[in-house]
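Undergrad: Submitted below is the structure of interest, expressed as structure tokens.
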Number of protein chains: 8
Amino acid sequence: MGEELLDLMERVRRGEVTAEAAANALSRETDLGFAVVDDHRATRTGLPEVVFGQGKTPEQVAHILLHLCGQGLPALATRVEPHQAEAVLRQVPDAVYEAVPRLLWLAGEHPAFQVRVEGVVAVVSAGTSDLPVAEEAARCAEWFGLEVARAWDVGVAGLHRLLSRLDVLREARAIIAVAGMEGALPSVIAGLVPAPVIAVPTSTGYGTHLGGLTPLFAMLNSCASGVVVVNVDNGFGAAQAAWRILGTEA
Amino acid sequence: MGEELLDLMERVRRGEVTAEAAANALSRETDLGFAVVDDHRATRTGLPEVVFGQGKTPEQVAHILLHLCGQGLPALATRVEPHQAEAVLRQVPDAVYEAVPRLLWLAGEHPAFQVRVEGVVAVVSAGTSDLPVAEEAARCAEWFGLEVARAWDVGVAGLHRLLSRLDVLREARAIIAVAGMEGALPSVIAGLVPAPVIAVPTSTGYGTHLGGLTPLFAMLNSCASGVVVVNVDNGFGAAQAAWRILGTEA
Amino acid sequence: MGEELLDLMERVRRGEVTAEAAANALSRETDLGFAVVDDHRATRTGLPEVVFGQGKTPEQVAHILLHLCGQGLPALATRVEPHQAEAVLRQVPDAVYEAVPRLLWLAGEHPAFQVRVEGVVAVVSAGTSDLPVAEEAARCAEWFGLEVARAWDVGVAGLHRLLSRLDVLREARAIIAVAGMEGALPSVIAGLVPAPVIAVPTSTGYGTHLGGLTPLFAMLNSCASGVVVVNVDNGFGAAQAAWRILGTEA
Amino acid sequence: MGEELLDLMERVRRGEVTAEAAANALSRETDLGFAVVDDHRATRTGLPEVVFGQGKTPEQVAHILLHLCGQGLPALATRVEPHQAEAVLRQVPDAVYEAVPRLLWLAGEHPAFQVRVEGVVAVVSAGTSDLPVAEEAARCAEWFGLEVARAWDVGVAGLHRLLSRLDVLREARAIIAVAGMEGALPSVIAGLVPAPVIAVPTSTGYGTHLGGLTPLFAMLNSCASGVVVVNVDNGFGAAQAAWRILGTEA
Amino acid sequence: MGEELLDLMERVRRGEVTAEAAANALSRETDLGFAVVDDHRATRTGLPEVVFGQGKTPEQVAHILLHLCGQGLPALATRVEPHQAEAVLRQVPDAVYEAVPRLLWLAGEHPAFQVRVEGVVAVVSAGTSDLPVAEEAARCAEWFGLEVARAWDVGVAGLHRLLSRLDVLREARAIIAVAGMEGALPSVIAGLVPAPVIAVPTSTGYGTHLGGLTPLFAMLNSCASGVVVVNVDNGFGAAQAAWRILGTEA
Amino acid sequence: MGEELLDLMERVRRGEVTAEAAANALSRETDLGFAVVDDHRATRTGLPEVVFGQGKTPEQVAHILLHLCGQGLPALATRVEPHQAEAVLRQVPDAVYEAVPRLLWLAGEHPAFQVRVEGVVAVVSAGTSDLPVAEEAARCAEWFGLEVARAWDVGVAGLHRLLSRLDVLREARAIIAVAGMEGALPSVIAGLVPAPVIAVPTSTGYGTHLGGLTPLFAMLNSCASGVVVVNVDNGFGAAQAAWRILGTEA
Amino acid sequence: MGEELLDLMERVRRGEVTAEAAANALSRETDLGFAVVDDHRATRTGLPEVVFGQGKTPEQVAHILLHLCGQGLPALATRVEPHQAEAVLRQVPDAVYEAVPRLLWLAGEHPAFQVRVEGVVAVVSAGTSDLPVAEEAARCAEWFGLEVARAWDVGVAGLHRLLSRLDVLREARAIIAVAGMEGALPSVIAGLVPAPVIAVPTSTGYGTHLGGLTPLFAMLNSCASGVVVVNVDNGFGAAQAAWRILGTEA
Amino acid sequence: MGEELLDLMERVRRGEVTAEAAANALSRETDLGFAVVDDHRATRTGLPEVVFGQGKTPEQVAHILLHLCGQGLPALATRVEPHQAEAVLRQVPDAVYEAVPRLLWLAGEHPAFQVRVEGVVAVVSAGTSDLPVAEEAARCAEWFGLEVARAWDVGVAGLHRLLSRLDVLREARAIIAVAGMEGALPSVIAGLVPAPVIAVPTSTGYGTHLGGLTPLFAMLNSCASGVVVVNVDNGFGAAQAAWRILGTEA
């Protein structure tokens with residue numbers, strides 16, 4: 001926004017823009033009544049706005065997706081439950097829904113699919129119950145234009161399963177490590193390879209698992225330095241972080 | 001106590017013991033005013049009473065140790081800080097103090113050192129800061145008459161360090177795995193060997209480590225089934241558990 | 001894995017195995033797409049892989065059980081809810097479901113039932129509401145080939161109920177003590193007998209019970225040393241721990 | 001206060017008291033600047049005001065005690081640390097300090113010592129480290145005029161120690177049960193006798209003890225119904241509760 | 001149990017009872033398979049066993065109630081949800097169910113109704129949403145034979161509502177104060193009257209109410225000393241505590 | 001109540017009111033059996049009583065609203081779920097229900113709508129999912145007679161959205177800032193304008209969001225001093241606080 | 001900032017300011033190396049910057065205060081411990097330190113003392129141990145130019161103490177209610193008067209007091225609506241909030 | 001390790017290495033008795049081992065640093081308190097200590113300083129009290145060979161301070177955002193620029209700050225997607241993560 005501000009001021013100075021218009025120009029998003037869509041986010045940060053489906057009505061989800069699409073923007077919603085998806089699909093039949101990662105999007109030739117970032121993101125999961133979160137991370141990363149390599153069910157109780165996939169880890173520019181239970185997977189991975197490791201704790205568990213706080217805290221205390229963490233079950237956030245990392249150029 | 005009770009009743013029936021004496025016989029411990037020493041615990045459960053030093057005055061610690069010793073019983077105190085130890089040693093010069101595991105005991109030819117349980121306990125620690133707890137476990141186990149094999153500083157961020165000590169793990173009848181940080185060591189070990197794994201979380205850490213609750217919770221959620229856990233920093237308890245396990249006979 | 005590694009290297013050195021084959025050999029588990037079944041776990045740690053049913057679809061549970069069975073391996077799933085079981089039973093009619101401990105398995109003459117470990121495990125519960133967890137522990141232990149003695153509803157508010165079952169406690173090589181509420185049962189038991197005591201807190205309760213954290217924490221603070229603890233409601237884990245303990249030989 | 005209010009109004013009506021005086025009469029306590037001493041509390045609830053020493057300067061403690069004493073009222077301060085006590089004693093040489101329960105009082109022939117409530121309060125403690133809290137309860141109860149029977153170090157890991165003191169429990173009109181660790185003592189006691197059981201958790205412990213929250217929560221979940229609980233280490237509050245109970249008449 | 005033990009031993013000594021019979025006599029409860037009913041609890045502690053309905057099947061509730069009734073004992077179950085009650089009532093048509101306090105009992109001329117304890121228990125509640133818990137306390141107290149005076153909806157935000165009921169508080173031998181929200185009611189009451197105050201926090205609330213932990217903690221920190229507390233929503237426990245208090249005789 | 005008390009006493013003194021009547025006058029609320037309606041609250045604090053619908057039966061809600069209405073008082077219920085509203089509307093057809101803020105009221109020419117407080121309250125929300133809480137605040141404020149300016153969906157991840165609404169913030173006499181997620185909105189606002197900022201955390205979120213505790217704690221730690229906070233999702237409380245603030249006159 | 005931005009743009013447009021100068025103008029604060037002093041905060045929000053002393057070296061505190069003073073600005077530091085104050089006073093002898101509220105300031109004829117806001121703030125505290133926080137609130141409010149009325153030690157366990165100070169509460173335009181323990185004071189006050197009530201929990205207490213979280217949570221759950229809360233011990237923040245409220249004009 | 005393993009096997013196959021030597025080769029670290037130094041970590045993951053000073057004796061810190069140095073390796077210790085540093089400097093006079101970030105290292109021409117990673121890391125802090133953690137991040141990053149741009153004291157309560165440093169944020173390949181209090185800084189930054197944002201919460205604060213958990217949780221719930229988080233006060237970990245990110249090549 002800093003550069004835009006400078007540009008804007010220069011144009012005000014040259015009389016190309018009035019002071020009032022300049023002040024107004026700071027609020028270019030579209031007001032849908034219940035949501036202010038940030039149409040220009042892609043320009044500003046490089047990534048389009050994504051709809052967080054949880055807690056929204058199907059009408060709201062459909063409305064925002066169609067609006068984005070109408071602007072020629074990519075349209076993706078996360079955390080969409082099957083009953084929400086059904087309702088949206090009745091309104092927007094050409095939307096696509098994937099049940100495991102709970103993602104819903106409008107297909108098309110959107111910029112998000114065209115900007116190609118180089119390098120592979122490895123998405124690695126510890127157990128079968130971590131799959132929905134791991135797939136959310138993997139599918140979102142693909143939707144952002146990243147190439148993804150998957151390695152499922154390689155938890156630390158059977159080390160050979162992880163060691164046999166070392167090639168995947170070594171070739172990745174960033175690694176998303178998804179684990180519930182005690183959340184030990186990112187520590188072991190970060191001790192083996194130098195790539196950035198984004199740890200994603202999952203909420204599957206019981207008792208002292210505390211809905212995922214235990215693997216989250218364990219990951220934050222990793223004995224292998226340099227592990228970074230996102231919120232419980234936040235596969236989407238991990239994918240965004242990977243996009244930020246791979247988009248970075250020296 | 002059940003068998004003793006039955007015995008006692010039989011002796012009451014035979015007139016060898018009066019009813020009053022029988023009731024009294026249930027309270028054979030020595031009352032020191034501030035503590036009731038359970039002199040017969042060794043007979044009942046096989047292990048002598050051990051003094052928990054934390055929160056006691058040096059006078060209390062010295063008094064109880066000397067009382068036990070006077071009864072011909074082994075005398076050990078745990079969690080004895082240096083300033084407590086100094087004060088006790090001034091009163092009881094032939095006591096022995098080890099600063100790292102914070103143990104203080106009266107030497108001698110006590111039963112505790114003579115009852116030999118077969119088999120080796122491996123005590124394994126993840127990092128240097130886990131050493132005091134690991135040594136408390138190892139030294140207590142030795143004091144209980146167990147043979148101990150140590151493997152220090154074999155945390156999961158450098159797997160080869162652990163794998164190179166697999167021999168120690170394979171030969172042990174029970175394994176005490178001491179770890180702070182994310183507490184992942186017991187999971188990896190329990191995935192490699194079939195022996196009982198007693199996990200001991202340590203309090204070294206900061207932030208979301210929560211004074212050891214995080215590795216404790218992680219260990220309770222181990223993806224390798226059959227791991228059992230003791231309280232944070234409870235090396236002594238782990239040694240007692242190992243003694244219980246190795247004392248078990250088919 | 002250490003010995004296997006050494007063997008493998010020796011065979012590589014003798015030219016019996018290529019380097020590539022050796023590296024591949026580290027990943028012998030079967031990939032089912034959504035799960036990598038660890039077929040050789042029984043060889044490595046002595047216990048077959050058990051399916052954790054919670055959070056899996058009936059299709060996934062059935063698929064993994066049938067796969068294990070097809071490999072001549074024992075097939076057991078824990079935490080299977082009735083509606084999951086019904087769906088599995090429609091696909092695999094000769095599966096057996098027990099509703100109280102929520103266990104589902106494929107019958108047959110599996111190794112798990114043949115390896116006989118000597119000695120009895122006592123499974124003791126404090127109240128009626130602890131029964132499902134206590135039965136999970138008892139039935140799993142039996143499935144692992146252990147002999148089980150049960151003592152139900154012997155909580156500490158009526159001490160005579162526990163004292164009248166002292167025979168069961170004295171004859172056991174390991175004791176699984178299941179308790180909700182304030183979780184005091186393991187302390188009282190460990191003060192009476194020298195056997196290893198595996199404490200299992202249960203989640204039944206309200207208010208400050210905190211879903212089982214209160215009895216869990218109480219058990220970790222037992223005034224009777226040497227008590228070890230597993231996660232809330234983890235009857236299966238307690239049974240595995242008992243198997244590890246009884247499988248231990250001097 | 002209700003009856004006083006009615007009386008006051010009646011006297012206003014009869015012209016014996018002006019409206020202003022009546023309103024003023026509601027604030028009869030003495031204002032010391034930093035504290036408003038409730039001189040008439042003994043009249044209203046039967047118990048004199050007691051000074052909570054923690055967080056007060058020695059000057060404040062001395063000032064309030066002397067003020068109470070000057071009013072012919074009993075003067076007691078709780079939670080007085082040795083350094084506070086020393087400073088107070090320099091100012092008020094005839095004050096009495098007991099270090100274990102951390103109590104400080106001004107001796108004399110005060111009402112508090114003369115009102116005799118019938119019946120005995122048993123104060124029972126689980127371990128040596130619970131002594132300071134147990135003594136605070138016992139000494140406060142005595143200061144309130146109650147007769148106290150003590151039973152120290154009778155924790156549940158050695159049941160016979162408790163059972164041998166059953167006489168004390170049976171003869172008490174109320175029982176104060178002080179316990180740290182897992183806090184199981186009140187449950188066992190309340191299962192044995194019908195008297196009211198006031199449970200006092202103590203803060204001695206570590207790890208999952210959570211500074212006394214664990215025994216507190218355990219006591220609130222007692223499987224023996226009718227146990228009531230006070231705050232961690234609150235021996236004084238337990239004594240007040242016992243006074244309230246014994247002061248109750250049918 | 002202590003006196004019974006002494007009696008039993010004396011009878012063993014006189015040959016009236018064999019040692020084996022004596023040991024057996026310690027386990028007089030009836031084993032129903034899933035529950036061991038403590039038929040003699042009324043003799044030991046003065047109160048009959050009460051069934052905790054939560055988590056039990058209707059069959060279990062009905063079975064235990066009928067068993068107690070068959071023994072001529074009073075039969076009450078708490079925390080019985082409407083669907084449980086319906087199922088029980090189909091089996092035991094003369095049972096009585098009260099929906100607000102969720103109590104179910106078998107009517108009859110039971111001892112519980114005949115033993116009359118002198119004095120009144122006041123049950124006081126802060127708000128309308130505290131009613132189910134307050135009624136559980138009041139109805140249980142009545143079932144235990146106590147006389148109950150109710151004062152509903154007298155929370156501290158409208159002090160005059162409480163002050164206008166001071167007569168109820170002054171005449172009670174014990175006060176059960178039920179409050180959710182910030183749980184301030186017991187403090188205000190204990191500042192006004194000398195009777196024992198049993199505080200019952202309720203779970204109604206949201207956000208930082210933490211399911212009732214907040215009023216519970218507030219009550220434990222009452223600035224009016226001598227307040228005792230039971231678990232969240234534990235109206236039954238408060239009634240038992242009141243029974244213990246009123247049953248106490250100088 | 002202080003002035004009323006003084007008045008009342010003066011009238012007692014003049015013989016206009018008897019002492020008994022005066023004491024009775026302190027309890028003027030209407031007793032509905034399950035609730036004591038505080039009819040005179042509006043006189044005392046300026047605001048009518050509002051019904052908290054959560055946990056009440058539709059019958060109770062309808063009964064209280066009709067009673068208030070019958071007294072010529074405004075009648076509003078908060079936290080009314082659709083199924084509750086339906087049931088109330090069947091009984092009271094001219095009630096009005098708004099589903100988003102979950103408010104139900106009886107229309108009419110009530111005092112609450114006539115007392116006009118000067119000045120505007122700005123209600124600002126960070127995201128779409130905060131809308132129900134923000135609308136509860138806005139609609140309640142309007143019902144209390146305040147003028148409201150809304151600014152929706154102006155969270156800090158798109159600063160220009162907030163900056164473009166600075167006019168709304170500058171003209172308000174008080175600002176209600178509603179935010180979930182990390183709860184940063186009130187900090188940014190309080191750094192821009194001098195008006196009182198009432199922060200309302202919302203419960204929408206997952207993982208470490210802890211049901212709204214995280215934004216609540218963040219708001220309490222705002223780096224912009226003078227931010228005040230209400231409970232999670234408490235839009236109604238924020239509106240009352242705004243009413244208190246705007247009702248204040250120098 | 002909005003209006004300033006508009007002004008700035010207008011001046012850019014008129015050529016009075018270059019675009020670069022305008023962009024620079026957005027960063028007018030003084031960089032001291034370790035702190036960026038926001039010299040113009042008083043202009044923007046009406047209140048000068050105040051130094052948070054905790055965690056700063058005496059040198060840093062002195063340096064910032066002198067800098068502010070040198071700019072003709074008021075200079076106040078909060079949370080200054082005696083040893084910090086001594087060190088600052090050695091450098092800046094005409095600074096003033098008050099030990100109870102831990103405040104340090106440079107005297108002088110500063111704007112902060114001249115802007116007079118109409119109306120009185122009542123600062124009310126529940127107990128003696130709440131005094132330091134209450135005085136921090138009162139002294140800061142005075143430093144901000146507000147008139148303050150104090151009422152100390154009026155906790156709810158002795159209601160008459162509070163009722164006798166009702167005049168103070170009725171005449172205040174805002175009330176700061178400081179309380180530790182169970183934090184009930186704000187609820188009682190807000191039920192009596194219509195003014196805004198800013199609740200300040202204090203950290204004095206033990207056990208379930210949780211360092212002040214318990215009164216904080218209790219205050220957030222106040223049964224008297226419209227109470228707003230600041231962080232534990234945050235007397236300064238309460239004073240700022242009062243300033244914001246009283247500064248508000250219709 | 002995967003590639004090394006493959007290499008090792010190939011060399012075993014060619015007879016260049018014996019099987020035993022190969023197995024031994026997996027444990028190349030130096031055993032110092034109390035610590036096993038991982039000398040080859042730099043080769044494996046690209047970063048040398050760094051000593052965590054907290055909880056180690058000065059002797060241990062000095063010993064490990066000298067050992068690393070003796071191996072020609074870079075030697076750095078973090079979290080070294082002044083008294084530890086003094087003791088080390090007496091033993092190793094040419095060590096360098098920086099007090100603010102608490103770092104101690106042995107100077108020299110080490111690889112760590114020679115491997116140059118392209119691009120700048122911005123280290124940004126919200127307040128003065130966050131400086132020690134921010135400097136730990138910045139100095140460690142420099143020690144790892146990264147170029148660092150600092151922006152101190154740019155918290156969100158004064159947005160213009162942050163906006164005036166937008167140039168620093170725009171030019172960085174990765175941003176380390178250090179903040180205590182409510183932890184809002186990373187959200188605002190991530191909404192402005194597309195670079196990876198590593199959020200570091202700090203422990204400075206009080207009350208609901210919970211020792212840094214509150215800003216940590218807030219950061220994990222950032223409304224600006226793609227923010228990643230490290231443990232409280234973990235400046236070193238953030239620097240390692242930045243190194244991992246910048247070391248990444250397409």
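Ordering of the structure tokens sets the chain letters (A, B, ...); residue numbers start at 1 within each chain; ligands are numbered from 1 in the order shown.
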Among stretch 126-226 of chain E, which ones does DSSP place in strand (DSSP E), written as a ChimeraX atom specification?
TA: /E:147-151,174-179,197-201
Undergrad: Generate the output file for the selected residues, N, CA, C and O atoms, as a short mmCIF file (atom, residue, chain, number, x, y, z; two decimals), in the first residue's frame.
TA:
```cif
data_model
loop_
_atom_site.label_atom_id
_atom_site.label_comp_id
_atom_site.auth_asym_id
_atom_site.auth_seq_id
_atom_site.Cartn_x
_atom_site.Cartn_y
_atom_site.Cartn_z
N GLU E 147 -36.14 -30.81 56.05
CA GLU E 147 -37.13 -29.79 55.73
C GLU E 147 -36.43 -28.70 54.92
O GLU E 147 -35.32 -28.28 55.27
N VAL E 148 -37.07 -28.28 53.83
CA VAL E 148 -36.42 -27.36 52.90
C VAL E 148 -37.21 -26.07 52.77
O VAL E 148 -38.44 -26.10 52.66
N ALA E 149 -36.51 -24.93 52.80
CA ALA E 149 -37.13 -23.64 52.47
C ALA E 149 -36.47 -23.10 51.21
O ALA E 149 -35.23 -23.06 51.13
N ARG E 150 -37.26 -22.71 50.21
CA ARG E 150 -36.71 -22.28 48.93
C ARG E 150 -36.75 -20.76 48.79
O ARG E 150 -37.71 -20.11 49.22
N ALA E 151 -35.75 -20.20 48.15
CA ALA E 151 -35.78 -18.78 47.75
C ALA E 151 -35.15 -18.69 46.37
O ALA E 151 -33.93 -18.80 46.24
N ALA E 174 -28.58 -24.76 57.64
CA ALA E 174 -27.57 -24.81 56.59
C ALA E 174 -28.18 -24.19 55.35
O ALA E 174 -29.40 -24.26 55.15
N ILE E 175 -27.35 -23.57 54.53
CA ILE E 175 -27.83 -22.89 53.33
C ILE E 175 -27.11 -23.45 52.11
O ILE E 175 -25.88 -23.53 52.09
N ILE E 176 -27.91 -23.87 51.12
CA ILE E 176 -27.36 -24.29 49.83
C ILE E 176 -27.58 -23.13 48.88
O ILE E 176 -28.72 -22.78 48.58
N ALA E 177 -26.47 -22.51 48.41
CA ALA E 177 -26.58 -21.34 47.54
C ALA E 177 -26.15 -21.72 46.13
O ALA E 177 -25.00 -22.02 45.89
N VAL E 178 -27.11 -21.70 45.20
CA VAL E 178 -26.90 -22.16 43.83
C VAL E 178 -26.78 -20.95 42.92
O VAL E 178 -27.68 -20.11 42.87
N ALA E 179 -25.67 -20.83 42.18
CA ALA E 179 -25.50 -19.67 41.32
C ALA E 179 -24.60 -20.00 40.14
O ALA E 179 -23.61 -20.72 40.27
N VAL E 197 -22.59 -22.38 54.69
CA VAL E 197 -23.04 -22.08 53.33
C VAL E 197 -22.37 -23.05 52.36
O VAL E 197 -21.15 -23.05 52.23
N ILE E 198 -23.19 -23.88 51.71
CA ILE E 198 -22.70 -24.84 50.70
C ILE E 198 -22.97 -24.22 49.34
O ILE E 198 -24.11 -24.07 48.92
N ALA E 199 -21.92 -23.86 48.64
CA ALA E 199 -22.06 -23.18 47.35
C ALA E 199 -22.09 -24.20 46.22
O ALA E 199 -21.26 -25.10 46.17
N VAL E 200 -23.04 -24.04 45.30
CA VAL E 200 -23.17 -24.93 44.14
C VAL E 200 -23.09 -24.09 42.87
O VAL E 200 -24.03 -23.38 42.53
N PRO E 201 -21.97 -24.16 42.14
CA PRO E 201 -21.89 -23.44 40.87
C PRO E 201 -22.69 -24.18 39.80
O PRO E 201 -22.79 -25.40 39.83
#
```
Undergrad: Could you list, as a list in words, the residues of chain A having an atom within 7 Å of chain C when counting only C-alpha atoms?
TA: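 Therefore, the residues near the partner are Thr128, Ser129, Asp153, His160, Arg161, Ser164, Gly207 and Thr208 of chain A.
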Undergrad: What gap, in Å, lies between atom CA of A:Pro93 and atom CA of A:Ala62?
TA: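 Rounded to one decimal, the two atoms are 10.6 Å apart.
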Undergrad: Report as a list in words all protein, DNA and RNA residues lying within 6 Å of H:Val133, evaluated on only C-alpha atoms, omitting residues in the same chain fewer than 2 positions from it.
TA: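 Using only C-alpha atoms, the neighbours found are Asp130, Leu131, Glu135, Glu136, Asp233 and Gly235 of chain H.
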Undergrad: Could you turn the residues from that selection into a file that holds N, CA and C atoms, as a compact mmCIF listing (two decimals), in the first residue's frame?
TA:
```
# COMPACT_ATOMS: atom_id res chain seq x y z
N ASP H 130 10.03 -6.01 23.27
CA ASP H 130 10.24 -7.16 22.39
C ASP H 130 11.66 -7.19 21.85
N LEU H 131 12.45 -6.18 22.20
CA LEU H 131 13.78 -6.03 21.62
C LEU H 131 14.71 -7.23 21.84
N GLU H 135 16.27 -8.99 18.69
CA GLU H 135 17.71 -8.99 18.45
C GLU H 135 18.28 -10.41 18.39
N GLU H 136 17.72 -11.33 19.18
CA GLU H 136 18.17 -12.72 19.08
C GLU H 136 17.92 -13.22 17.66
N ASP H 233 9.08 -16.36 22.43
CA ASP H 233 10.45 -15.85 22.63
C ASP H 233 11.49 -16.56 21.78
N GLY H 235 13.37 -16.38 19.14
CA GLY H 235 14.03 -15.63 18.08
C GLY H 235 14.99 -16.49 17.28
```
Undergrad: I'd like the interatomic distance between atom CA of F:Ala126 and atom CA of A:Val92, to a tenth of an Å.
TA: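 Taking atom CA of F:Ala126 and atom CA of A:Val92, their separation equals 27.7 Å.
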Undergrad: Taking the chain letters and numbering used in this document, name the residues of stretch 179-228 of chain E that DSSP puts in helix (DSSP H, G or I), as a PyMOL selection string.
TA: chain E and resi 185-190+207-220
